[in-house]
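Accompanying notes for the structure given below.
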There are 2 protein chains.
Amino acid sequence: MSRSRNSDKIMMNTATAHIDISVDCALFGFDGEAVNVLLIEQDTDQMQLPKETAQMALPGDLVLPNESLHASARRVLKELTSLEGIYLKQFYTFGSPERVAQEKDQEWLRSLRMHPERRVITVAYYSLVKMDEFAPQANSFAARAQWVKIDEVPDLAFDHNEILESAVETMQSELMTKHIGFELLPEKFTLSQLQTLYELILDKKLDKRNFRKNIKRMDQVIPLDEKQTGVLHKPAQLFKFEREE
Amino acid sequence: MSRSRNSDKIMMNTATAHIDISVDCALFGFDGEAVNVLLIEQDTDQMQLPKETAQMALPGDLVLPNESLHASARRVLKELTSLEGIYLKQFYTFGSPERVAQEKDQEWLRSLRMHPERRVITVAYYSLVKMDEFAPQANSFAARAQWVKIDEVPDLAFDHNEILESAVETMQSELMTKHIGFELLPEKFTLSQLQTLYELILDKKLDKRNFRKNIKRMDQVIPLDEKQTGVLHKPAQLFKFEREE
DNA sequence: TTACTTCGTGTCAAATATACACTTTGGTGC
DNA sequence: GCACCAAAGTGTATATTTGACACGAAGTAA
């Protein structure tokens, strides 16, 4: 569309096609073995849709009229996990006009939304949580909420595979600089657990001695007077992470 | 808002308050002395508003119903600058519910928009252009479009000062890793020009020899068989930048 | 020819990153 | 209590990168 100088006033945007805004959250957790992402399963029973149409998806929902984007992301996350106060980061906004228009998604949206045909632009957030601090609770339009290993994620609703992939990339590139890895671990952790986590996120092996050298010169990582228990080998020292002010 | 399992179906989003989506572009250019950002001045004459209410702003406008976000950013940029095919990067989405609600902005929006009171969420892009390749052309609702040195930017409309600041930070952090600096220079440039640019963007002095060492090991920077002319001192060698594939 | 201005260049020291292997510790089972 | 197991924990030598630093060369103008 190009507008000439003269026609401006009458060319004001008179479009009647509304655009909806949503937030989606890629919520990561770590169980000591794999990095997981929290997915919900669409509740087709509740919507009286055939079971086989149920798709898994990232937790997300429309932004409310007077809610900031961050507040919206926090709310969606809280609704699905009852967790508050966690690291939460906007990383990209996905706005392809066709992103919710596929028939597989339309069927679901027709049951859920007043305007299922509307284009939806979604602002994507990612966050990291300590998996041992809560168990996800399915709520609202989700039949189930469950942790899925990131390398076992199935085809998701909408463009959520693409969003998830982008979240993983963002997490990789911010892991080192922003020390976000600690958010995934339990309060007390061993350096081996931390290293395993880094290796999983970065998808490469790290040298044990060099890794420990690097970690130990971060003064946010504090050695505790405590050791791992219940392992059938030499127990490792436990550490905690302390965010500065 | 929390929803219980049972009330889901009747709690579908029935909000009548629509949210608009816009894109804003922070377009940077370099004139050899300072980094500039392209600002427009709102055309109050055309809107029959008092001249003194005119504000400067980043170029931006509502996203059209069937337009992707990138396409929208490209369109706005093209409308204002006639430039195409330039580096263009989404960096953040600003969505405070109050971001266009100030009275200074409402006056303008009442003239321009069908729904001036509506909340607007804006997806922000930044881009870099060679200043010598085009002169900005004011168009549409802009009375003027002009380059302003980034340290002389006045109070802008809406939350555009905040958006601009965020764009500068993004540019700083992506300068090194993504070689975006070259986009700001003319096709043929000297290493001193490049260094001046880096110093302006990063806002610190760099060591000449170390800087040149770093640049010269990038094989995208190609020395030309040409020298600077028209200077009253030893002319510098010219280089060009070649993006790989 | 001189004066002026920016160009263009190399080395050393310090800090950082990488590669690499063996002893220690606690638990388990006999 | 002894032997075995498994992972914990630790240091050094080398290569690479970073940062500090000063002066002769090239062209222009008077």
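Simple scheme: letters A, B, ... for chains in structure tokens order, numbers from 1 for residues in each chain, numbers from 1 for ligands in the order shown.
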**Prompt:** Near chain D, which residues of chain B fall within 12 Å when you count only C-alpha atoms (C1' of nucleotides), and what do they look like as a VMD selection string?
**Reply:** chain B and resid 206 to 211 213 to 214 227 to 237
Could you fit chain B onto chain A with a least-squares superposition over all C-alpha atoms, matched one to one in order, and give me the transformed chain as a JSON list (two decimals) with C-alpha atoms, in the first residue's frame?
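Generated file (superposed-v8.json):
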[["chain", "number", "residue", "atom", "x", "y", "z"],
["B", 1, "MET", "CA", 0.29, 0.13, -0.05],
["B", 2, "SER", "CA", 1.64, 3.55, -0.82],
["B", 3, "ARG", "CA", -0.07, 6.72, 0.17],
["B", 4, "SER", "CA", 0.27, 10.05, -1.50],
["B", 5, "ARG", "CA", 0.46, 13.19, 0.47],
["B", 6, "ASN", "CA", -2.98, 14.34, -0.54],
["B", 7, "SER", "CA", -4.98, 11.28, 0.17],
["B", 8, "ASP", "CA", -3.71, 10.83, 3.69],
["B", 9, "LYS", "CA", -6.71, 11.93, 5.59],
["B", 10, "ILE", "CA", -9.10, 9.66, 3.82],
["B", 11, "MET", "CA", -6.63, 6.81, 3.90],
["B", 12, "MET", "CA", -6.72, 6.43, 7.64],
["B", 13, "ASN", "CA", -6.80, 2.79, 8.59],
["B", 14, "THR", "CA", -10.40, 1.70, 8.20],
["B", 15, "ALA", "CA", -9.74, -2.00, 8.28],
["B", 16, "THR", "CA", -12.50, -3.96, 9.95],
["B", 17, "ALA", "CA", -10.44, -7.13, 10.24],
["B", 18, "HIS", "CA", -9.27, -7.23, 13.82],
["B", 19, "ILE", "CA", -6.09, -8.81, 14.95],
["B", 20, "ASP", "CA", -5.87, -10.64, 18.25],
["B", 21, "ILE", "CA", -2.85, -10.71, 20.51],
["B", 22, "SER", "CA", -1.74, -13.64, 22.55],
["B", 23, "VAL", "CA", 1.22, -14.68, 24.61],
["B", 24, "ASP", "CA", 2.84, -18.10, 24.51],
["B", 25, "CYS", "CA", 5.24, -19.46, 27.08],
["B", 26, "ALA", "CA", 7.98, -21.98, 26.55],
["B", 27, "LEU", "CA", 8.57, -23.19, 30.07],
["B", 28, "PHE", "CA", 11.67, -25.27, 30.59],
["B", 29, "GLY", "CA", 12.55, -27.61, 33.39],
["B", 30, "PHE", "CA", 15.35, -30.06, 34.09],
["B", 31, "ASP", "CA", 15.00, -33.40, 35.83],
["B", 32, "GLY", "CA", 18.66, -34.29, 36.04],
["B", 33, "GLU", "CA", 18.55, -36.24, 32.82],
["B", 34, "ALA", "CA", 16.92, -34.14, 30.14],
["B", 35, "VAL", "CA", 15.66, -30.67, 29.50],
["B", 36, "ASN", "CA", 11.89, -30.69, 29.39],
["B", 37, "VAL", "CA", 9.33, -28.27, 28.12],
["B", 38, "LEU", "CA", 5.87, -27.95, 29.58],
["B", 39, "LEU", "CA", 3.17, -28.72, 27.05],
["B", 40, "ILE", "CA", -0.55, -28.77, 27.42],
["B", 41, "GLU", "CA", -2.96, -30.99, 25.64],
["B", 42, "GLN", "CA", -6.04, -29.37, 24.25],
["B", 43, "ASP", "CA", -9.16, -30.52, 26.08],
["B", 44, "THR", "CA", -11.24, -31.87, 23.24],
["B", 45, "ASP", "CA", -13.72, -33.59, 25.55],
["B", 46, "GLN", "CA", -14.74, -30.36, 27.10],
["B", 47, "MET", "CA", -15.15, -28.83, 23.66],
["B", 48, "GLN", "CA", -17.05, -31.85, 22.38],
["B", 49, "LEU", "CA", -14.55, -32.43, 19.66],
["B", 50, "PRO", "CA", -13.25, -35.81, 18.58],
["B", 51, "LYS", "CA", -10.42, -36.99, 20.83],
["B", 52, "GLU", "CA", -8.07, -37.59, 17.95],
["B", 53, "THR", "CA", -8.04, -33.92, 17.06],
["B", 54, "ALA", "CA", -6.41, -32.98, 20.36],
["B", 55, "GLN", "CA", -3.06, -31.35, 19.87],
["B", 56, "MET", "CA", -0.28, -30.51, 22.25],
["B", 57, "ALA", "CA", 0.71, -26.89, 22.50],
["B", 58, "LEU", "CA", 2.71, -24.39, 24.44],
["B", 59, "PRO", "CA", 0.67, -22.74, 27.17],
["B", 60, "GLY", "CA", -0.66, -19.50, 25.85],
["B", 61, "ASP", "CA", -3.78, -17.41, 25.63],
["B", 62, "LEU", "CA", -5.11, -14.08, 24.50],
["B", 63, "VAL", "CA", -3.89, -10.93, 26.16],
["B", 64, "LEU", "CA", -6.61, -9.26, 28.19],
["B", 65, "PRO", "CA", -7.65, -5.73, 27.32],
["B", 66, "ASN", "CA", -5.87, -3.98, 30.15],
["B", 67, "GLU", "CA", -3.04, -6.28, 30.85],
["B", 68, "SER", "CA", 0.60, -5.63, 30.06],
["B", 69, "LEU", "CA", 2.37, -8.29, 28.03],
["B", 70, "HIS", "CA", 4.53, -9.39, 30.92],
["B", 71, "ALA", "CA", 1.52, -9.56, 33.20],
["B", 72, "SER", "CA", -0.21, -11.62, 30.60],
["B", 73, "ALA", "CA", 2.65, -14.06, 30.32],
["B", 74, "ARG", "CA", 2.83, -14.31, 34.11],
["B", 75, "ARG", "CA", -0.91, -14.91, 34.31],
["B", 76, "VAL", "CA", -0.92, -17.67, 31.72],
["B", 77, "LEU", "CA", 2.00, -19.31, 33.43],
["B", 78, "LYS", "CA", 0.35, -19.05, 36.80],
["B", 79, "GLU", "CA", -2.92, -20.40, 35.49],
["B", 80, "LEU", "CA", -1.14, -23.45, 34.21],
["B", 81, "THR", "CA", 1.49, -24.01, 36.84],
["B", 82, "SER", "CA", 0.56, -21.99, 39.95],
["B", 83, "LEU", "CA", 4.11, -20.74, 39.89],
["B", 84, "GLU", "CA", 4.97, -17.09, 40.48],
["B", 85, "GLY", "CA", 8.01, -14.91, 40.56],
["B", 86, "ILE", "CA", 10.08, -16.82, 38.09],
["B", 87, "TYR", "CA", 12.47, -15.68, 35.40],
["B", 88, "LEU", "CA", 10.39, -14.77, 32.40],
["B", 89, "LYS", "CA", 11.73, -13.32, 29.23],
["B", 90, "GLN", "CA", 10.15, -12.01, 26.07],
["B", 91, "PHE", "CA", 12.14, -13.23, 23.11],
["B", 92, "TYR", "CA", 10.20, -12.77, 19.90],
["B", 93, "THR", "CA", 6.86, -11.89, 18.38],
["B", 94, "PHE", "CA", 5.38, -14.17, 15.78],
["B", 95, "GLY", "CA", 2.97, -12.56, 13.40],
["B", 96, "SER", "CA", 2.52, -14.48, 10.21],
["B", 97, "PRO", "CA", -1.03, -13.77, 9.00],
["B", 98, "GLU", "CA", -1.55, -17.52, 8.52],
["B", 99, "ARG", "CA", -0.22, -18.76, 11.79],
["B", 100, "VAL", "CA", -3.55, -19.96, 13.19],
["B", 101, "ALA", "CA", -5.33, -20.50, 9.90],
["B", 102, "GLN", "CA", -4.59, -24.18, 9.29],
["B", 103, "GLU", "CA", -7.64, -26.38, 9.39],
["B", 104, "LYS", "CA", -6.26, -28.55, 12.23],
["B", 105, "ASP", "CA", -6.11, -25.42, 14.36],
["B", 106, "GLN", "CA", -9.32, -23.83, 13.17],
["B", 107, "GLU", "CA", -11.39, -26.71, 14.44],
["B", 108, "TRP", "CA", -10.06, -26.15, 17.91],
["B", 109, "LEU", "CA", -10.37, -22.39, 17.76],
["B", 110, "ARG", "CA", -13.98, -22.55, 16.62],
["B", 111, "SER", "CA", -14.79, -24.22, 19.92],
["B", 112, "LEU", "CA", -12.68, -21.94, 22.02],
["B", 113, "ARG", "CA", -12.84, -18.47, 20.59],
["B", 114, "MET", "CA", -15.46, -15.95, 19.70],
["B", 115, "HIS", "CA", -13.51, -15.05, 16.56],
["B", 116, "PRO", "CA", -11.69, -18.21, 15.58],
["B", 117, "GLU", "CA", -10.93, -16.94, 12.11],
["B", 118, "ARG", "CA", -9.05, -13.96, 13.37],
["B", 119, "ARG", "CA", -5.41, -13.56, 12.82],
["B", 120, "VAL", "CA", -3.45, -13.85, 16.07],
["B", 121, "ILE", "CA", -0.10, -12.26, 16.69],
["B", 122, "THR", "CA", 1.68, -13.87, 19.58],
["B", 123, "VAL", "CA", 4.36, -12.50, 21.85],
["B", 124, "ALA", "CA", 6.53, -15.37, 22.98],
["B", 125, "TYR", "CA", 8.19, -15.70, 26.36],
["B", 126, "TYR", "CA", 10.40, -18.33, 27.77],
["B", 127, "SER", "CA", 11.01, -19.24, 31.33],
["B", 128, "LEU", "CA", 12.90, -21.71, 33.39],
["B", 129, "VAL", "CA", 11.74, -23.43, 36.52],
["B", 130, "LYS", "CA", 13.05, -25.89, 39.03],
["B", 131, "MET", "CA", 11.09, -28.99, 38.18],
["B", 132, "ASP", "CA", 11.18, -30.29, 41.71],
["B", 133, "GLU", "CA", 9.38, -27.28, 43.10],
["B", 134, "PHE", "CA", 6.03, -27.92, 41.54],
["B", 135, "ALA", "CA", 3.91, -30.29, 39.57],
["B", 136, "PRO", "CA", 2.07, -28.79, 36.63],
["B", 137, "GLN", "CA", -1.69, -28.66, 37.04],
["B", 138, "ALA", "CA", -3.86, -28.80, 33.97],
["B", 139, "ASN", "CA", -6.43, -26.07, 34.01],
["B", 140, "SER", "CA", -8.72, -24.08, 31.81],
["B", 141, "PHE", "CA", -8.79, -25.45, 28.27],
["B", 142, "ALA", "CA", -5.94, -27.83, 28.90],
["B", 143, "ALA", "CA", -6.80, -31.47, 29.46],
["B", 144, "ARG", "CA", -3.33, -32.20, 30.68],
["B", 145, "ALA", "CA", -0.14, -30.37, 31.32],
["B", 146, "GLN", "CA", 3.01, -32.41, 31.15],
["B", 147, "TRP", "CA", 6.73, -32.25, 30.85],
["B", 148, "VAL", "CA", 8.08, -33.47, 27.55],
["B", 149, "LYS", "CA", 11.75, -33.96, 26.79],
["B", 150, "ILE", "CA", 12.75, -31.38, 24.26],
["B", 151, "ASP", "CA", 14.01, -33.94, 21.81],
["B", 152, "GLU", "CA", 10.72, -35.85, 22.01],
["B", 153, "VAL", "CA", 8.37, -32.98, 21.32],
["B", 154, "PRO", "CA", 5.64, -34.02, 18.86],
["B", 155, "ASP", "CA", 3.99, -31.86, 16.22],
["B", 156, "LEU", "CA", 2.35, -29.02, 18.07],
["B", 157, "ALA", "CA", -0.62, -26.79, 17.42],
["B", 158, "PHE", "CA", -0.27, -23.60, 15.40],
["B", 159, "ASP", "CA", 3.36, -22.63, 14.80],
["B", 160, "HIS", "CA", 4.41, -23.75, 18.25],
["B", 161, "ASN", "CA", 7.20, -25.99, 17.01],
["B", 162, "GLU", "CA", 8.79, -22.97, 15.44],
["B", 163, "ILE", "CA", 8.29, -20.89, 18.58],
["B", 164, "LEU", "CA", 9.78, -23.62, 20.71],
["B", 165, "GLU", "CA", 12.80, -23.94, 18.47],
["B", 166, "SER", "CA", 13.34, -20.24, 18.65],
["B", 167, "ALA", "CA", 13.04, -20.38, 22.45],
["B", 168, "VAL", "CA", 15.70, -23.07, 22.61],
["B", 169, "GLU", "CA", 18.03, -20.98, 20.47],
["B", 170, "THR", "CA", 17.47, -17.97, 22.68],
["B", 171, "MET", "CA", 18.11, -20.04, 25.75],
["B", 172, "GLN", "CA", 21.35, -21.38, 24.27],
["B", 173, "SER", "CA", 22.65, -17.95, 23.45],
["B", 174, "GLU", "CA", 21.67, -16.47, 26.79],
["B", 175, "LEU", "CA", 22.84, -19.38, 28.89],
["B", 176, "MET", "CA", 26.40, -18.19, 29.29],
["B", 177, "THR", "CA", 25.96, -14.47, 29.51],
["B", 178, "LYS", "CA", 22.95, -14.36, 31.75],
["B", 179, "HIS", "CA", 23.52, -17.34, 34.02],
["B", 180, "ILE", "CA", 20.01, -18.55, 33.39],
["B", 181, "GLY", "CA", 21.04, -22.16, 33.79],
["B", 182, "PHE", "CA", 20.77, -22.00, 37.54],
["B", 183, "GLU", "CA", 17.06, -21.37, 37.32],
["B", 184, "LEU", "CA", 16.60, -24.91, 36.14],
["B", 185, "LEU", "CA", 18.35, -26.60, 39.00],
["B", 186, "PRO", "CA", 17.15, -27.32, 42.50],
["B", 187, "GLU", "CA", 18.34, -24.88, 45.16],
["B", 188, "LYS", "CA", 21.27, -27.07, 46.07],
["B", 189, "PHE", "CA", 23.08, -28.68, 43.20],
["B", 190, "THR", "CA", 26.34, -30.33, 42.34],
["B", 191, "LEU", "CA", 28.70, -29.06, 39.69],
["B", 192, "SER", "CA", 28.15, -32.23, 37.73],
["B", 193, "GLN", "CA", 24.43, -31.56, 37.58],
["B", 194, "LEU", "CA", 25.16, -28.05, 36.39],
["B", 195, "GLN", "CA", 27.53, -29.33, 33.75],
["B", 196, "THR", "CA", 25.05, -31.94, 32.54],
["B", 197, "LEU", "CA", 22.49, -29.20, 32.17],
["B", 198, "TYR", "CA", 24.86, -27.01, 30.19],
["B", 199, "GLU", "CA", 25.75, -29.90, 27.96],
["B", 200, "LEU", "CA", 22.11, -30.64, 27.28],
["B", 201, "ILE", "CA", 21.22, -27.07, 26.51],
["B", 202, "LEU", "CA", 24.26, -26.40, 24.38],
["B", 203, "ASP", "CA", 24.09, -29.88, 22.91],
["B", 204, "LYS", "CA", 27.82, -30.52, 23.25],
["B", 205, "LYS", "CA", 30.28, -32.06, 25.67],
["B", 206, "LEU", "CA", 32.27, -29.81, 27.97],
["B", 207, "ASP", "CA", 35.54, -30.50, 29.68],
["B", 208, "LYS", "CA", 35.01, -31.13, 33.38],
["B", 209, "ARG", "CA", 38.05, -29.31, 34.69],
["B", 210, "ASN", "CA", 37.67, -26.31, 32.45],
["B", 211, "PHE", "CA", 33.97, -26.10, 33.21],
["B", 212, "ARG", "CA", 34.64, -26.10, 36.94],
["B", 213, "LYS", "CA", 37.33, -23.49, 36.55],
["B", 214, "ASN", "CA", 34.86, -21.19, 34.87],
["B", 215, "ILE", "CA", 32.05, -21.76, 37.31],
["B", 216, "LYS", "CA", 34.24, -21.34, 40.35],
["B", 217, "ARG", "CA", 35.33, -17.90, 39.37],
["B", 218, "MET", "CA", 31.71, -16.73, 39.42],
["B", 219, "ASP", "CA", 31.18, -15.47, 42.93],
["B", 220, "GLN", "CA", 27.44, -16.03, 42.67],
["B", 221, "VAL", "CA", 28.07, -19.73, 43.00],
["B", 222, "ILE", "CA", 28.53, -20.50, 46.66],
["B", 223, "PRO", "CA", 29.89, -23.76, 48.03],
["B", 224, "LEU", "CA", 27.82, -25.20, 50.85],
["B", 225, "ASP", "CA", 29.00, -27.20, 53.83],
["B", 226, "GLU", "CA", 27.02, -30.11, 52.62],
["B", 227, "LYS", "CA", 27.37, -33.15, 50.50],
["B", 228, "GLN", "CA", 25.17, -35.11, 48.22],
["B", 229, "THR", "CA", 23.54, -38.12, 49.89],
["B", 230, "GLY", "CA", 22.01, -41.31, 48.65],
["B", 231, "VAL", "CA", 24.47, -41.93, 45.84],
["B", 232, "LEU", "CA", 26.50, -45.08, 45.54],
["B", 233, "HIS", "CA", 29.80, -43.39, 44.97],
["B", 234, "LYS", "CA", 31.82, -40.47, 46.28],
["B", 235, "PRO", "CA", 29.28, -37.80, 47.18],
["B", 236, "ALA", "CA", 29.72, -34.43, 45.51],
["B", 237, "GLN", "CA", 29.80, -31.10, 47.26],
["B", 238, "LEU", "CA", 26.64, -29.05, 47.01],
["B", 239, "PHE", "CA", 26.51, -25.45, 45.82],
["B", 240, "LYS", "CA", 23.89, -22.78, 45.72],
["B", 241, "PHE", "CA", 23.42, -19.86, 43.37],
["B", 242, "GLU", "CA", 22.87, -16.39, 44.72],
["B", 243, "ARG", "CA", 21.64, -13.63, 42.42],
["B", 244, "GLU", "CA", 23.44, -10.38, 43.26],
["B", 245, "GLU", "CA", 21.27, -7.79, 45.02]]
**Request:** Find the residues in chain C near chain B: any atom within 9 Å counts, using only C-alpha atoms (C1' of nucleotides). Write them as a ChimeraX atom specification.
**Result:** /C:4-9
How would the residues just chosen look if you wrote them out with N, CA and C atoms (P, O5', C5', C4', C3', O3' and C1' of nucleotides) as a compact mmCIF listing (two decimals), in the first residue's frame?
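Listing of result.txt after writing:
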# COMPACT_ATOMS: atom_id res chain seq x y z
P DC C 4 53.13 23.36 11.68
O5' DC C 4 51.98 22.39 11.13
C5' DC C 4 51.04 22.91 10.16
C4' DC C 4 50.29 21.76 9.60
C3' DC C 4 49.77 20.78 10.66
O3' DC C 4 48.35 20.79 10.61
C1' DC C 4 50.69 19.64 8.80
P DT C 5 47.51 20.27 11.85
O5' DT C 5 46.90 18.92 11.29
C5' DT C 5 46.15 18.92 10.08
C4' DT C 5 46.12 17.51 9.57
C3' DT C 5 45.77 16.48 10.65
O3' DT C 5 44.57 15.84 10.28
C1' DT C 5 47.61 15.78 9.34
P DT C 6 43.63 15.09 11.35
O5' DT C 6 43.67 13.59 10.83
C5' DT C 6 43.32 13.34 9.47
C4' DT C 6 44.12 12.18 8.97
C3' DT C 6 43.90 10.87 9.74
O3' DT C 6 43.44 9.92 8.80
C1' DT C 6 46.19 11.23 9.27
P DC C 7 43.26 8.40 9.05
O5' DC C 7 44.60 7.90 8.34
C5' DC C 7 44.75 8.10 6.95
C4' DC C 7 45.87 7.22 6.43
C3' DC C 7 45.71 5.74 6.75
O3' DC C 7 46.08 5.00 5.60
C1' DC C 7 47.71 6.58 7.74
P DG C 8 45.68 3.44 5.52
O5' DG C 8 46.91 2.76 6.26
C5' DG C 8 48.18 2.79 5.60
C4' DG C 8 49.21 2.20 6.53
C3' DG C 8 48.80 0.86 7.14
O3' DG C 8 49.80 -0.08 6.84
C1' DG C 8 49.64 2.34 8.79
P DT C 9 49.57 -1.60 6.98
O5' DT C 9 50.71 -2.04 8.00
C5' DT C 9 52.05 -1.57 7.79
C4' DT C 9 52.76 -1.52 9.11
C3' DT C 9 52.61 -2.79 9.96
O3' DT C 9 53.92 -3.27 10.20
C1' DT C 9 52.34 -0.84 11.25
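Here the helix (DSSP H, G or I) residues in region 50-81 of chain A, by DSSP on the backbone, are Lys51, Glu52, Thr53, Leu69, His70, Ala71, Ser72, Ala73, Arg74, Arg75, Val76, Leu77, Lys78, Glu79, Leu80 and Thr81 of chain A.
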**Prompt:** What residues in region 120-228 of chain A get the DSSP label strand (DSSP E or B)? Please answer as number ranges by chain.
**Reply:** A: 120-129, 142-149, 156, 189, 221-227
